[in-house]
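Student: Below is the file work_2.cif, which contains mmCIF, C-alpha atoms and all ligand atoms.
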data_my_file
loop_
_atom_site.label_atom_id
_atom_site.label_comp_id
_atom_site.auth_asym_id
_atom_site.auth_seq_id
_atom_site.Cartn_x
_atom_site.Cartn_y
_atom_site.Cartn_z
CA MET A 1 105.52 117.02 124.92
CA LEU A 2 104.14 116.11 121.49
CA ASP A 3 105.15 118.11 118.41
CA LEU A 4 101.78 117.80 116.73
CA ALA A 5 98.27 116.67 117.59
CA LEU A 6 95.74 115.83 114.91
CA GLU A 7 92.34 116.22 116.56
CA ASN A 8 89.05 114.59 115.55
CA CYS A 9 90.37 112.16 112.95
CA ARG A 10 87.93 109.59 111.60
CA ILE A 11 89.29 106.06 111.46
CA ASN A 12 86.47 103.71 110.42
CA GLN A 13 83.58 104.80 112.67
CA ASN A 14 85.78 106.10 115.48
CA ILE A 15 86.95 109.64 116.16
CA VAL A 16 90.49 109.72 117.59
CA ASN A 17 93.33 112.13 118.27
CA ILE A 18 96.77 111.32 116.93
CA GLY A 19 99.94 112.60 118.59
CA VAL A 20 103.20 112.98 116.66
CA LYS A 21 106.71 113.21 118.11
CA ASP A 22 109.92 113.40 116.04
CA GLY A 23 108.05 112.48 112.87
CA GLU A 24 106.57 109.30 114.32
CA ILE A 25 103.13 108.38 115.59
CA ALA A 26 103.53 108.61 119.39
CA LYS A 27 99.95 108.27 120.58
CA ILE A 28 96.49 107.39 119.35
CA SER A 29 93.91 108.39 121.90
CA LYS A 30 90.21 109.14 122.43
CA SER A 31 91.07 111.82 124.98
CA PRO A 32 92.51 115.25 124.09
CA LEU A 33 96.27 115.54 123.51
CA LYS A 34 98.57 118.44 124.34
CA ALA A 35 101.08 119.40 121.68
CA ASP A 36 103.12 122.34 120.38
CA LYS A 37 100.84 122.48 117.37
CA THR A 38 97.30 121.25 116.88
CA ILE A 39 95.36 120.67 113.67
CA ASN A 40 91.65 120.00 113.93
CA ILE A 41 90.68 117.51 111.24
CA LYS A 42 86.98 118.05 112.06
CA GLY A 43 85.87 114.46 111.64
CA LYS A 44 87.34 113.95 108.19
CA THR A 45 88.68 110.52 107.26
CA ILE A 46 92.37 109.82 107.82
CA LEU A 47 94.33 107.09 106.05
CA PRO A 48 98.01 106.16 106.22
CA GLY A 49 100.02 108.23 103.71
CA LEU A 50 99.66 106.37 100.43
CA ILE A 51 102.54 104.44 98.86
CA ASP A 52 102.85 104.33 95.09
CA ALA A 53 105.02 101.32 94.33
CA HIS A 54 105.39 102.11 90.61
CA VAL A 55 106.21 105.56 89.25
CA HIS A 56 108.51 106.95 86.58
CA LEU A 57 109.80 110.34 87.74
CA ARG A 58 112.20 110.42 84.76
CA GLU A 59 115.29 111.77 86.50
CA PRO A 60 118.10 111.61 85.47
CA GLY A 61 117.90 111.97 81.72
CA TYR A 62 114.31 112.83 80.87
CA GLU A 63 113.78 115.90 83.06
CA TYR A 64 111.85 117.53 80.22
CA LYS A 65 109.09 114.95 80.88
CA GLU A 66 109.17 115.09 84.73
CA ASN A 67 111.66 115.41 87.57
CA PHE A 68 111.80 114.54 91.26
CA ARG A 69 110.44 117.95 92.26
CA THR A 70 107.44 118.08 89.92
CA GLY A 71 106.76 114.36 90.23
CA SER A 72 106.89 114.38 94.04
CA MET A 73 104.67 117.48 94.16
CA ALA A 74 102.17 115.61 91.98
CA ALA A 75 102.41 112.68 94.40
CA ALA A 76 101.76 114.86 97.47
CA HIS A 77 98.85 116.47 95.62
CA GLY A 78 97.42 112.99 95.06
CA GLY A 79 97.75 111.90 98.71
CA PHE A 80 100.98 109.91 98.39
CA THR A 81 103.79 110.21 100.94
CA THR A 82 106.10 107.53 99.53
CA ILE A 83 106.87 106.59 95.94
CA LEU A 84 109.02 103.82 94.52
CA ASP A 85 110.76 105.07 91.38
CA MET A 86 111.37 102.88 88.34
CA PRO A 87 114.87 102.45 86.90
CA ASN A 88 114.28 103.17 83.19
CA THR A 89 115.96 106.57 83.35
CA LYS A 90 118.97 107.74 81.31
CA PRO A 91 121.32 106.28 82.39
CA GLU A 92 119.40 103.29 83.74
CA THR A 93 119.56 102.66 87.49
CA ASN A 94 121.46 99.42 86.96
CA THR A 95 124.76 99.95 88.79
CA ALA A 96 125.56 100.79 92.42
CA ARG A 97 127.06 104.02 91.15
CA GLU A 98 123.89 105.10 89.32
CA PHE A 99 121.73 103.94 92.22
CA LYS A 100 123.69 106.15 94.65
CA LYS A 101 123.49 109.06 92.20
CA LYS A 102 119.73 108.75 92.00
CA ILE A 103 119.43 108.71 95.80
CA LYS A 104 121.45 111.94 95.84
CA ILE A 105 119.34 113.68 93.18
CA ALA A 106 116.05 112.64 94.74
CA SER A 107 117.20 113.56 98.27
CA LYS A 108 117.78 117.10 97.05
CA LYS A 109 114.57 117.45 95.05
CA SER A 110 111.83 115.13 96.26
CA ILE A 111 109.33 116.63 98.71
CA ILE A 112 108.13 113.15 99.77
CA ASP A 113 109.90 109.96 100.81
CA PHE A 114 111.11 107.66 98.08
CA GLY A 115 112.50 104.21 97.48
CA LEU A 116 114.06 102.93 94.28
CA HIS A 117 113.74 99.89 92.06
CA ALA A 118 116.95 98.85 90.28
CA SER A 119 117.35 97.32 86.83
CA ILE A 120 119.94 94.81 85.68
CA GLN A 121 122.47 94.88 82.92
CA LYS A 122 125.71 93.39 84.28
CA LEU A 123 124.99 90.56 86.70
CA LYS A 124 127.91 91.47 88.93
CA GLU A 125 126.23 94.74 89.87
CA ILE A 126 123.37 92.91 91.61
CA LYS A 127 125.39 92.13 94.73
CA LYS A 128 126.78 95.66 94.77
CA ILE A 129 123.30 97.17 94.66
CA THR A 130 121.70 95.03 97.41
CA PRO A 131 123.48 96.84 100.32
CA LEU A 132 121.85 100.04 99.04
CA LYS A 133 118.47 98.46 99.88
CA PRO A 134 116.51 98.61 96.60
CA ALA A 135 112.76 98.01 96.69
CA SER A 136 113.21 95.35 94.01
CA PHE A 137 115.05 94.47 90.83
CA LYS A 138 112.87 95.15 87.80
CA ILE A 139 113.04 93.47 84.42
CA PHE A 140 111.19 93.82 81.12
CA THR A 141 110.54 90.35 79.68
CA GLU A 142 110.84 91.98 76.25
CA LYS A 143 114.50 92.68 76.94
CA THR A 144 115.54 89.83 79.25
CA GLU A 145 116.16 86.33 77.97
CA ASN A 146 115.26 83.29 80.03
CA HIS A 147 118.82 82.16 80.75
CA LYS A 148 119.50 85.61 82.21
CA ILE A 149 116.39 85.45 84.42
CA SER A 150 117.68 82.10 85.72
CA ARG A 151 121.07 83.60 86.53
CA ILE A 152 119.45 86.60 88.26
CA LEU A 153 117.32 84.36 90.47
CA GLN A 154 120.31 82.21 91.36
CA ILE A 155 122.15 85.34 92.46
CA LEU A 156 119.17 86.69 94.41
CA LYS A 157 118.67 83.36 96.20
CA GLY A 158 118.19 83.79 99.94
CA SER A 159 117.71 87.55 99.72
CA LYS A 160 113.93 87.53 99.26
CA ILE A 161 114.35 90.73 97.24
CA PRO A 162 111.42 90.65 94.81
CA LEU A 163 112.10 90.37 91.10
CA THR A 164 109.58 92.73 89.51
CA PHE A 165 108.33 91.91 86.02
CA HIS A 166 106.85 93.84 83.12
CA CYS A 167 105.30 90.88 81.32
CA GLU A 168 104.83 90.98 77.54
CA ASP A 169 106.22 88.41 75.10
CA PRO A 170 108.47 90.08 72.50
CA GLN A 171 107.84 87.58 69.69
CA ILE A 172 104.07 87.88 69.82
CA ILE A 173 104.31 91.67 69.97
CA LYS A 174 106.69 91.79 67.03
CA TYR A 175 104.52 89.58 64.84
CA CYS A 176 101.24 91.34 65.67
CA THR A 177 102.68 94.84 65.39
CA ARG A 178 104.11 94.12 61.95
CA ARG A 179 100.68 93.04 60.70
CA LEU A 180 98.93 96.15 62.03
CA LYS A 181 101.42 98.92 61.35
CA ASN A 182 99.31 100.53 58.59
CA GLU A 183 96.13 100.73 60.68
CA THR A 184 95.25 104.26 61.72
CA ASN A 185 92.52 103.45 64.25
CA PRO A 186 94.23 103.88 67.67
CA GLU A 187 92.36 100.82 68.97
CA SER A 188 94.59 98.62 66.83
CA TYR A 189 97.40 99.32 69.31
CA SER A 190 95.59 97.02 71.72
CA LEU A 191 95.77 94.17 69.18
CA ALA A 192 99.40 94.87 68.34
CA ARG A 193 100.20 93.83 71.91
CA PRO A 194 97.42 91.32 72.57
CA SER A 195 96.69 89.91 76.01
CA ILE A 196 98.15 86.53 75.00
CA ALA A 197 101.54 88.30 74.94
CA GLU A 198 101.05 89.20 78.60
CA GLU A 199 99.69 85.79 79.54
CA VAL A 200 102.58 83.88 77.95
CA ALA A 201 105.19 86.11 79.56
CA THR A 202 103.42 85.89 82.93
CA ALA A 203 103.26 82.08 82.78
CA ASN A 204 106.98 82.12 82.08
CA ALA A 205 107.65 84.42 85.05
CA LEU A 206 105.50 82.22 87.28
CA ALA A 207 107.54 79.18 86.28
CA PHE A 208 110.68 80.97 87.48
CA SER A 209 109.09 81.94 90.78
CA HIS A 210 107.84 78.39 91.25
CA HIS A 211 111.14 76.75 90.36
CA TYR A 212 113.38 78.99 92.46
CA ASP A 213 110.76 79.61 95.16
CA HIS A 214 111.63 83.29 94.89
CA PRO A 215 109.22 86.23 95.35
CA ILE A 216 108.24 87.93 92.12
CA HIS A 217 105.95 90.89 91.58
CA ILE A 218 103.94 91.23 88.36
CA CYS A 219 103.38 94.88 87.38
CA HIS A 220 100.25 96.37 85.84
CA VAL A 221 98.21 93.26 85.07
CA SER A 222 95.90 94.05 82.13
CA SER A 223 93.90 90.89 81.41
CA LYS A 224 91.59 88.66 83.42
CA LYS A 225 93.29 85.55 82.08
CA THR A 226 96.64 86.81 83.37
CA LEU A 227 95.05 87.11 86.80
CA GLN A 228 93.65 83.59 86.57
CA LEU A 229 97.12 82.27 85.73
CA ILE A 230 98.64 84.05 88.71
CA LYS A 231 95.97 82.64 91.02
CA SER A 232 96.38 79.12 89.65
CA ILE A 233 99.94 78.62 90.85
CA LYS A 234 101.40 78.02 94.26
CA ALA A 235 104.38 80.34 94.13
CA PRO A 236 105.44 83.47 96.04
CA VAL A 237 103.91 85.93 93.60
CA THR A 238 102.21 89.30 94.07
CA CYS A 239 100.58 91.47 91.45
CA GLU A 240 99.50 95.00 90.76
CA ILE A 241 96.90 96.90 88.75
CA THR A 242 96.86 100.51 87.54
CA PRO A 243 93.84 102.83 87.61
CA HIS A 244 93.71 102.80 83.80
CA HIS A 245 93.69 99.02 83.49
CA LEU A 246 90.95 98.96 86.13
CA LEU A 247 88.75 101.74 84.75
CA LEU A 248 89.48 102.18 81.04
CA GLN A 249 89.13 99.83 78.10
CA LYS A 250 90.25 99.48 74.50
CA LYS A 251 87.50 101.83 73.27
CA ASP A 252 89.12 104.64 75.26
CA LEU A 253 91.99 104.49 72.78
CA LYS A 254 89.46 105.58 70.16
CA ASN A 255 88.30 108.47 72.35
CA ALA A 256 91.62 109.64 73.73
CA GLY A 257 94.08 108.43 71.05
CA ALA A 258 97.70 108.11 72.15
CA ILE A 259 96.87 109.87 75.45
CA ALA A 260 95.46 106.43 76.43
CA LYS A 261 98.42 104.54 74.95
CA THR A 262 100.21 102.44 77.54
CA ASN A 263 102.08 99.15 77.79
CA PRO A 264 100.50 96.70 78.27
CA PRO A 265 97.59 98.27 76.36
CA LEU A 266 93.96 98.70 77.39
CA ARG A 267 91.78 95.64 76.77
CA PRO A 268 88.36 94.91 75.22
CA PRO A 269 85.47 94.33 77.69
CA LYS A 270 85.78 90.53 77.57
CA GLU A 271 89.40 90.59 78.68
CA ALA A 272 89.50 93.70 80.87
CA ILE A 273 89.86 93.54 84.64
CA THR A 274 87.05 95.09 86.67
CA VAL A 275 86.48 96.24 90.25
CA LYS A 276 85.09 92.80 91.14
CA ASP A 277 88.46 91.24 90.29
CA LEU A 278 90.33 93.35 92.85
CA LYS A 279 90.09 90.52 95.39
CA MET A 280 92.66 88.66 93.26
CA ILE A 281 95.09 91.60 93.17
CA ASP A 282 97.57 92.72 95.85
CA ILE A 283 98.18 96.39 95.16
CA ILE A 284 97.11 99.36 93.07
CA ALA A 285 99.97 101.44 91.67
CA SER A 286 99.66 104.45 89.39
CA ASP A 287 102.44 103.56 86.90
CA HIS A 288 102.75 107.36 86.60
CA ALA A 289 104.54 107.52 83.22
CA PRO A 290 104.65 111.13 82.00
CA HIS A 291 105.69 112.25 78.51
CA THR A 292 105.36 115.65 76.84
CA LEU A 293 102.06 116.50 75.18
CA LYS A 294 103.99 117.01 71.95
CA GLU A 295 105.23 113.41 72.11
CA LYS A 296 101.74 112.16 72.92
CA LYS A 297 100.30 114.02 69.91
CA GLU A 298 102.23 111.82 67.49
CA ASN A 299 100.29 109.02 65.82
CA ILE A 300 99.38 105.92 67.83
CA TRP A 301 102.45 103.96 66.69
CA LYS A 302 104.98 106.74 67.20
CA ALA A 303 103.74 108.29 70.47
CA PRO A 304 105.43 106.90 73.61
CA PRO A 305 103.37 104.68 75.96
CA GLY A 306 102.50 105.88 79.45
CA ILE A 307 99.84 107.72 81.45
CA PRO A 308 100.45 110.28 84.26
CA ASN A 309 98.27 109.09 87.13
CA LEU A 310 99.60 110.39 90.45
CA GLU A 311 96.96 113.10 90.70
CA VAL A 312 93.94 111.06 89.66
CA THR A 313 94.40 107.66 91.32
CA LEU A 314 92.96 108.44 94.76
CA LYS A 315 90.12 110.60 93.40
CA LEU A 316 89.04 107.78 91.07
CA LEU A 317 89.18 105.18 93.85
CA LEU A 318 87.30 107.41 96.30
CA THR A 319 84.61 107.77 93.64
CA LEU A 320 84.25 103.98 93.55
CA ASN A 321 84.00 104.11 97.33
CA ALA A 322 81.29 106.80 97.19
CA LYS A 323 79.36 104.58 94.76
CA LYS A 324 79.72 101.66 97.22
CA ARG A 325 81.78 99.62 94.78
CA LEU A 326 85.02 99.64 96.80
CA LYS A 327 85.62 99.72 100.56
CA LEU A 328 87.89 102.34 102.08
CA ALA A 329 89.64 99.52 103.93
CA LYS A 330 90.51 97.98 100.56
CA ILE A 331 91.97 101.27 99.31
CA GLN A 332 94.08 101.44 102.48
CA GLU A 333 95.21 97.84 102.05
CA MET A 334 96.07 98.14 98.35
CA LEU A 335 97.76 101.56 98.48
CA ALA A 336 99.46 101.52 101.89
CA GLU A 337 99.60 98.29 103.89
CA LYS A 338 100.42 95.84 101.13
CA PRO A 339 102.94 97.88 99.14
CA ALA A 340 104.79 98.47 102.44
CA LYS A 341 104.74 94.74 103.11
CA ILE A 342 105.77 93.54 99.63
CA PHE A 343 108.65 96.01 99.32
CA ARG A 344 109.50 95.94 103.05
CA LEU A 345 109.13 99.59 103.97
CA GLU A 346 109.19 98.96 107.72
CA ASN A 347 107.89 102.25 109.09
CA LYS A 348 105.31 102.94 106.42
CA GLY A 349 101.78 101.97 105.50
CA GLN A 350 99.90 101.85 108.83
CA ILE A 351 98.51 104.20 111.44
CA LYS A 352 100.09 102.63 114.51
CA THR A 353 102.37 103.95 117.25
CA GLY A 354 106.01 103.84 116.21
CA MET A 355 105.24 104.17 112.50
CA ASP A 356 106.15 107.27 110.46
CA ALA A 357 103.52 109.99 110.88
CA ASP A 358 102.47 109.88 107.22
CA PHE A 359 98.82 110.62 106.56
CA VAL A 360 96.34 111.58 103.91
CA ILE A 361 93.15 113.30 104.98
CA ILE A 362 90.13 112.81 102.83
CA ASP A 363 86.96 114.72 102.23
CA PRO A 364 84.72 111.95 100.92
CA LYS A 365 81.99 114.38 99.82
CA LYS A 366 84.02 116.85 97.80
CA THR A 367 83.11 116.61 94.11
CA GLY A 368 84.65 117.93 90.93
CA LYS A 369 85.92 117.02 87.50
CA ILE A 370 89.40 115.72 86.70
CA LYS A 371 91.34 118.56 85.07
CA ALA A 372 94.88 117.99 83.86
CA ASP A 373 95.65 121.71 83.82
CA GLU A 374 95.52 121.54 87.64
CA PHE A 375 98.30 118.92 87.79
CA TYR A 376 101.64 119.65 89.45
CA SER A 377 103.07 117.01 87.10
CA LYS A 378 104.67 118.35 83.93
CA ALA A 379 102.29 116.13 81.95
CA HIS A 380 99.12 118.20 81.55
CA TYR A 381 96.90 115.59 79.97
CA THR A 382 94.97 112.53 81.10
CA PRO A 383 92.60 110.03 79.53
CA PHE A 384 90.38 110.73 82.56
CA GLU A 385 89.94 114.41 81.59
CA GLY A 386 86.44 115.63 82.57
CA THR A 387 85.64 112.53 84.65
CA GLU A 388 83.42 113.46 87.58
CA TYR A 389 84.78 112.39 90.94
CA ILE A 390 83.40 112.18 94.48
CA GLY A 391 85.97 112.44 97.27
CA GLU A 392 89.43 113.95 97.26
CA PRO A 393 92.56 114.25 99.41
CA VAL A 394 92.52 117.61 101.21
CA MET A 395 95.71 117.28 103.25
CA THR A 396 98.91 115.23 102.97
CA ILE A 397 101.25 114.93 105.96
CA LEU A 398 104.77 113.47 105.75
CA ARG A 399 106.48 112.55 109.04
CA GLY A 400 104.37 115.14 110.89
CA LYS A 401 104.75 117.92 108.36
CA VAL A 402 101.90 119.25 106.22
CA ILE A 403 103.08 119.07 102.60
CA MET A 404 99.71 119.56 100.86
CA LYS A 405 96.64 121.42 102.05
CA ASP A 406 93.65 122.31 99.85
CA ASN A 407 95.70 121.70 96.70
CA GLU A 408 98.58 123.95 97.86
CA ILE A 409 102.00 122.30 98.13
CA TYR A 410 104.45 123.19 100.94
CA ASP A 411 108.16 122.78 100.35
CA ASN A 412 109.84 119.90 102.10
CA LYS A 413 112.78 117.51 101.91
CA GLY A 414 111.91 113.86 101.49
CA SER A 415 114.20 111.02 102.51
CA TYR A 416 115.37 107.81 100.93
CA VAL A 417 113.44 104.84 102.31
CA LYS A 418 115.50 101.67 102.53
CA SER A 419 113.77 98.37 101.92
CA SER A 420 114.63 95.99 104.73
CA HIS A 421 115.32 92.99 102.51
CA ILE A 422 118.24 90.74 103.37
CA THR A 423 121.49 91.97 101.85
CA LEU A 424 123.53 89.52 99.76
CA LYS A 425 127.05 88.69 100.90
O1 LIG B 1 103.27 102.48 79.30
C1 LIG B 1 104.39 102.32 79.76
N1 LIG B 1 105.21 103.37 80.01
N2 LIG B 1 104.83 101.09 80.00
C2 LIG B 1 106.10 100.86 80.34
O2 LIG B 1 106.42 99.73 80.56
C3 LIG B 1 107.09 101.95 80.41
C4 LIG B 1 106.42 103.21 80.74
C5 LIG B 1 107.32 104.40 80.57
O3 LIG B 1 108.43 104.41 81.11
O4 LIG B 1 106.91 105.36 79.90
ZN ZN B 2 105.86 98.30 82.75
ZN ZN B 3 105.91 101.49 84.49
#
Take the structure I supplied and represent it as structure tokens, if you would.
Tutor:
Amino acid sequence: MLDLALENCRINQNIVNIGVKDGEIAKISKSPLKADKTINIKGKTILPGLIDAHVHLREPGYEYKENFRTGSMAAAHGGFTTILDMPNTKPETNTAREFKKKIKIASKKSIIDFGLHASIQKLKEIKKITPLKPASFKIFTEKTENHKISRILQILKGSKIPLTFHCEDPQIIKYCTRRLKNETNPESYSLARPSIAEEVATANALAFSHHYDHPIHICHVSSKKTLQLIKSIKAPVTCEITPHHLLLQKKDLKNAGAIAKTNPPLRPPKEAITVKDLKMIDIIASDHAPHTLKEKKENIWKAPPGIPNLEVTLKLLLTLNAKKRLKLAKIQEMLAEKPAKIFRLENKGQIKTGMDADFVIIDPKKTGKIKADEFYSKAHYTPFEGTEYIGEPVMTILRGKVIMKDNEIYDNKGSYVKSSHITLK
């Protein structure tokens, strides 16, 4: 007997019934299914639960900005069932001890499933962290010298664990920032960290991937030329874009001030990436990076960078779909299938028997305006405030359990998702 049957689900042009047993997809069938509980989806579109491969839920250390409860509620509200959390917490997630601690905290508080990226300080911790199955090791090129990147890749050899990069060249940033520090126009922030800083650092990262033949993942690509560089090399590299780098530009810094401040910054029209460029990009990730509104109200130089995106990403992408600029299949690929593949989340990312019963149900016709005061995130602001959207997630299901319905969140306990990369000996 099935635990749950989801009736009348739309997958592409087909209407199917999905049966769930023990949190997994047990059956996909055109004929009616018998189960303890039945939910009639009434022909709405169903996608695999979305995976956000890049979020900052700020715990431990910065709980005043966000924590695993509020951040995971925001994720469920936005249609995500799995998030991969970034390691720049306090302390950093750069030792096996801190990694285990974060699993413990998140297991208690997260309402959705989660994996973790690790960072690196002491090289000897790398081998101790790999048995804990991190999604990747993440480095900031601003803080990691080349000889260290070499050492890291030598240690990771054979593991295929991706090395994830935030690419911006520290020397270029330092020089440009110094020249612009007295400018008050928020748009100058974009020039303080020009796209050449990203391109140089990306070329450097690509050289490492090419030399060591090791998978690397480039976060939040902001410039078209960066993309062209990535595409020009034969190396095991994947890349990611955020909703803000896809849909906003430098001028939005003028409109929204530090609310639109992020690293790497938004770009002028000539350099910015557009929807047409998505064919060159592997995944979309929110880079949900919440701060307090008080912090964001500081001037453009002092305010911290980062935009809270978990609750706007899917709505914005569904709007592109409604306007026939982006296929639903592409959304599914970039927010479920590919993140699962790159970070090896074996039971996630597809609607197929044997996979986790994670779903997001979409009403493609529902319209509204983005309103940050409706966020479950602690960060009640967004540069997309007032943006009209078409299409929204109306139900989120994690391993057969409804965790969001019509914007209401239902309490739940998420689990740690191991990445099935090879462990180092
Ligand atoms: O805008 C950003 N915010 N870029 C980063 O690289 C870090 C992030 C954060 O943690 O706030
Ligand atoms: Zn980053
Ligand atoms: Zn980030």
Student: Within 6 Å of ligand LIG 1 (chain B), which residues show up when you count all atoms listed in the file? List them as a count of residues only, please.
Tutor: 5
Student: For ligand ZN 2 (chain B), collect every residue having any atom at a distance of at most 7 Å from a ligand atom (counting all atoms listed in the file); output as JSON, numbers by chain.
Tutor: {"A": [166, 219, 220, 263]}
Student: Determine the nearest neighbour of A:Met86 from the options A:Ile149, A:Ala53, A:Ala201, A:Ile111, counting only C-alpha atoms.
Tutor: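 Counting only C-alpha atoms, the residue closest to A:Met86 is A:Ala53.
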Student: Where does chain A meet ligand ZN 3 (chain B) within 12 Å, residue by residue, with the nearest atom pair and distance in Å to one decimal for each, counting only C-alpha atoms and all ligand atoms, listed by chain and rising number, as JSON lines?
Tutor:
{"residue": "A:Asp52", "atom": "CA", "partner": "B:ZN3", "partner_atom": "ZN", "distance": 11.4}
{"residue": "A:Ala53", "atom": "CA", "partner": "B:ZN3", "partner_atom": "ZN", "distance": 9.9}
{"residue": "A:His54", "atom": "CA", "partner": "B:ZN3", "partner_atom": "ZN", "distance": 6.2}
{"residue": "A:Val55", "atom": "CA", "partner": "B:ZN3", "partner_atom": "ZN", "distance": 6.3}
{"residue": "A:His56", "atom": "CA", "partner": "B:ZN3", "partner_atom": "ZN", "distance": 6.4}
{"residue": "A:Leu57", "atom": "CA", "partner": "B:ZN3", "partner_atom": "ZN", "distance": 10.2}
{"residue": "A:Arg58", "atom": "CA", "partner": "B:ZN3", "partner_atom": "ZN", "distance": 10.9}
{"residue": "A:Leu84", "atom": "CA", "partner": "B:ZN3", "partner_atom": "ZN", "distance": 10.8}
{"residue": "A:Asp85", "atom": "CA", "partner": "B:ZN3", "partner_atom": "ZN", "distance": 9.2}
{"residue": "A:Met86", "atom": "CA", "partner": "B:ZN3", "partner_atom": "ZN", "distance": 6.8}
{"residue": "A:Pro87", "atom": "CA", "partner": "B:ZN3", "partner_atom": "ZN", "distance": 9.3}
{"residue": "A:Asn88", "atom": "CA", "partner": "B:ZN3", "partner_atom": "ZN", "distance": 8.6}
{"residue": "A:Thr89", "atom": "CA", "partner": "B:ZN3", "partner_atom": "ZN", "distance": 11.3}
{"residue": "A:His117", "atom": "CA", "partner": "B:ZN3", "partner_atom": "ZN", "distance": 11.0}
{"residue": "A:Lys138", "atom": "CA", "partner": "B:ZN3", "partner_atom": "ZN", "distance": 10.0}
{"residue": "A:Ile139", "atom": "CA", "partner": "B:ZN3", "partner_atom": "ZN", "distance": 10.7}
{"residue": "A:Phe140", "atom": "CA", "partner": "B:ZN3", "partner_atom": "ZN", "distance": 9.9}
{"residue": "A:Thr164", "atom": "CA", "partner": "B:ZN3", "partner_atom": "ZN", "distance": 10.7}
{"residue": "A:Phe165", "atom": "CA", "partner": "B:ZN3", "partner_atom": "ZN", "distance": 10.0}
{"residue": "A:His166", "atom": "CA", "partner": "B:ZN3", "partner_atom": "ZN", "distance": 7.8}
{"residue": "A:Cys167", "atom": "CA", "partner": "B:ZN3", "partner_atom": "ZN", "distance": 11.1}
{"residue": "A:Ile218", "atom": "CA", "partner": "B:ZN3", "partner_atom": "ZN", "distance": 11.1}
{"residue": "A:Cys219", "atom": "CA", "partner": "B:ZN3", "partner_atom": "ZN", "distance": 7.6}
{"residue": "A:His220", "atom": "CA", "partner": "B:ZN3", "partner_atom": "ZN", "distance": 7.8}
{"residue": "A:Val221", "atom": "CA", "partner": "B:ZN3", "partner_atom": "ZN", "distance": 11.3}
{"residue": "A:Glu240", "atom": "CA", "partner": "B:ZN3", "partner_atom": "ZN", "distance": 11.1}
{"residue": "A:Ile241", "atom": "CA", "partner": "B:ZN3", "partner_atom": "ZN", "distance": 11.0}
{"residue": "A:Thr242", "atom": "CA", "partner": "B:ZN3", "partner_atom": "ZN", "distance": 9.6}
{"residue": "A:Thr262", "atom": "CA", "partner": "B:ZN3", "partner_atom": "ZN", "distance": 9.0}
{"residue": "A:Asn263", "atom": "CA", "partner": "B:ZN3", "partner_atom": "ZN", "distance": 8.1}
{"residue": "A:Pro264", "atom": "CA", "partner": "B:ZN3", "partner_atom": "ZN", "distance": 9.5}
{"residue": "A:Ala285", "atom": "CA", "partner": "B:ZN3", "partner_atom": "ZN", "distance": 9.3}
{"residue": "A:Ser286", "atom": "CA", "partner": "B:ZN3", "partner_atom": "ZN", "distance": 8.5}
{"residue": "A:Asp287", "atom": "CA", "partner": "B:ZN3", "partner_atom": "ZN", "distance": 4.7}
{"residue": "A:His288", "atom": "CA", "partner": "B:ZN3", "partner_atom": "ZN", "distance": 7.0}
{"residue": "A:Ala289", "atom": "CA", "partner": "B:ZN3", "partner_atom": "ZN", "distance": 6.3}
{"residue": "A:Pro290", "atom": "CA", "partner": "B:ZN3", "partner_atom": "ZN", "distance": 10.0}
{"residue": "A:Pro305", "atom": "CA", "partner": "B:ZN3", "partner_atom": "ZN", "distance": 9.5}
{"residue": "A:Gly306", "atom": "CA", "partner": "B:ZN3", "partner_atom": "ZN", "distance": 7.5}
{"residue": "A:Ile307", "atom": "CA", "partner": "B:ZN3", "partner_atom": "ZN", "distance": 9.2}
{"residue": "A:Pro308", "atom": "CA", "partner": "B:ZN3", "partner_atom": "ZN", "distance": 10.4}
{"residue": "A:Asn309", "atom": "CA", "partner": "B:ZN3", "partner_atom": "ZN", "distance": 11.1}
Student: Please list as a list in words every residue within 8 Å of A:Pro162, counting all atoms listed in the file and excluding residues in the same chain fewer than 2 positions away.
Tutor: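 Near neighbours after the sequence-gap exclusion: Ala135, Ser136, Phe137, Lys160, Thr164, His214, Pro215, Ile216, His217, Ile342 and Phe343 of chain A.
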Student: Identify, on the basis of only C-alpha atoms, every residue whose closest approach to A:Tyr389 does not exceed 8 Å; exclude the query and any residue fewer than 6 positions from it along the same chain; express the result as a PyMOL selection string.
Tutor: chain A and resi 315-316+318-319+367-370
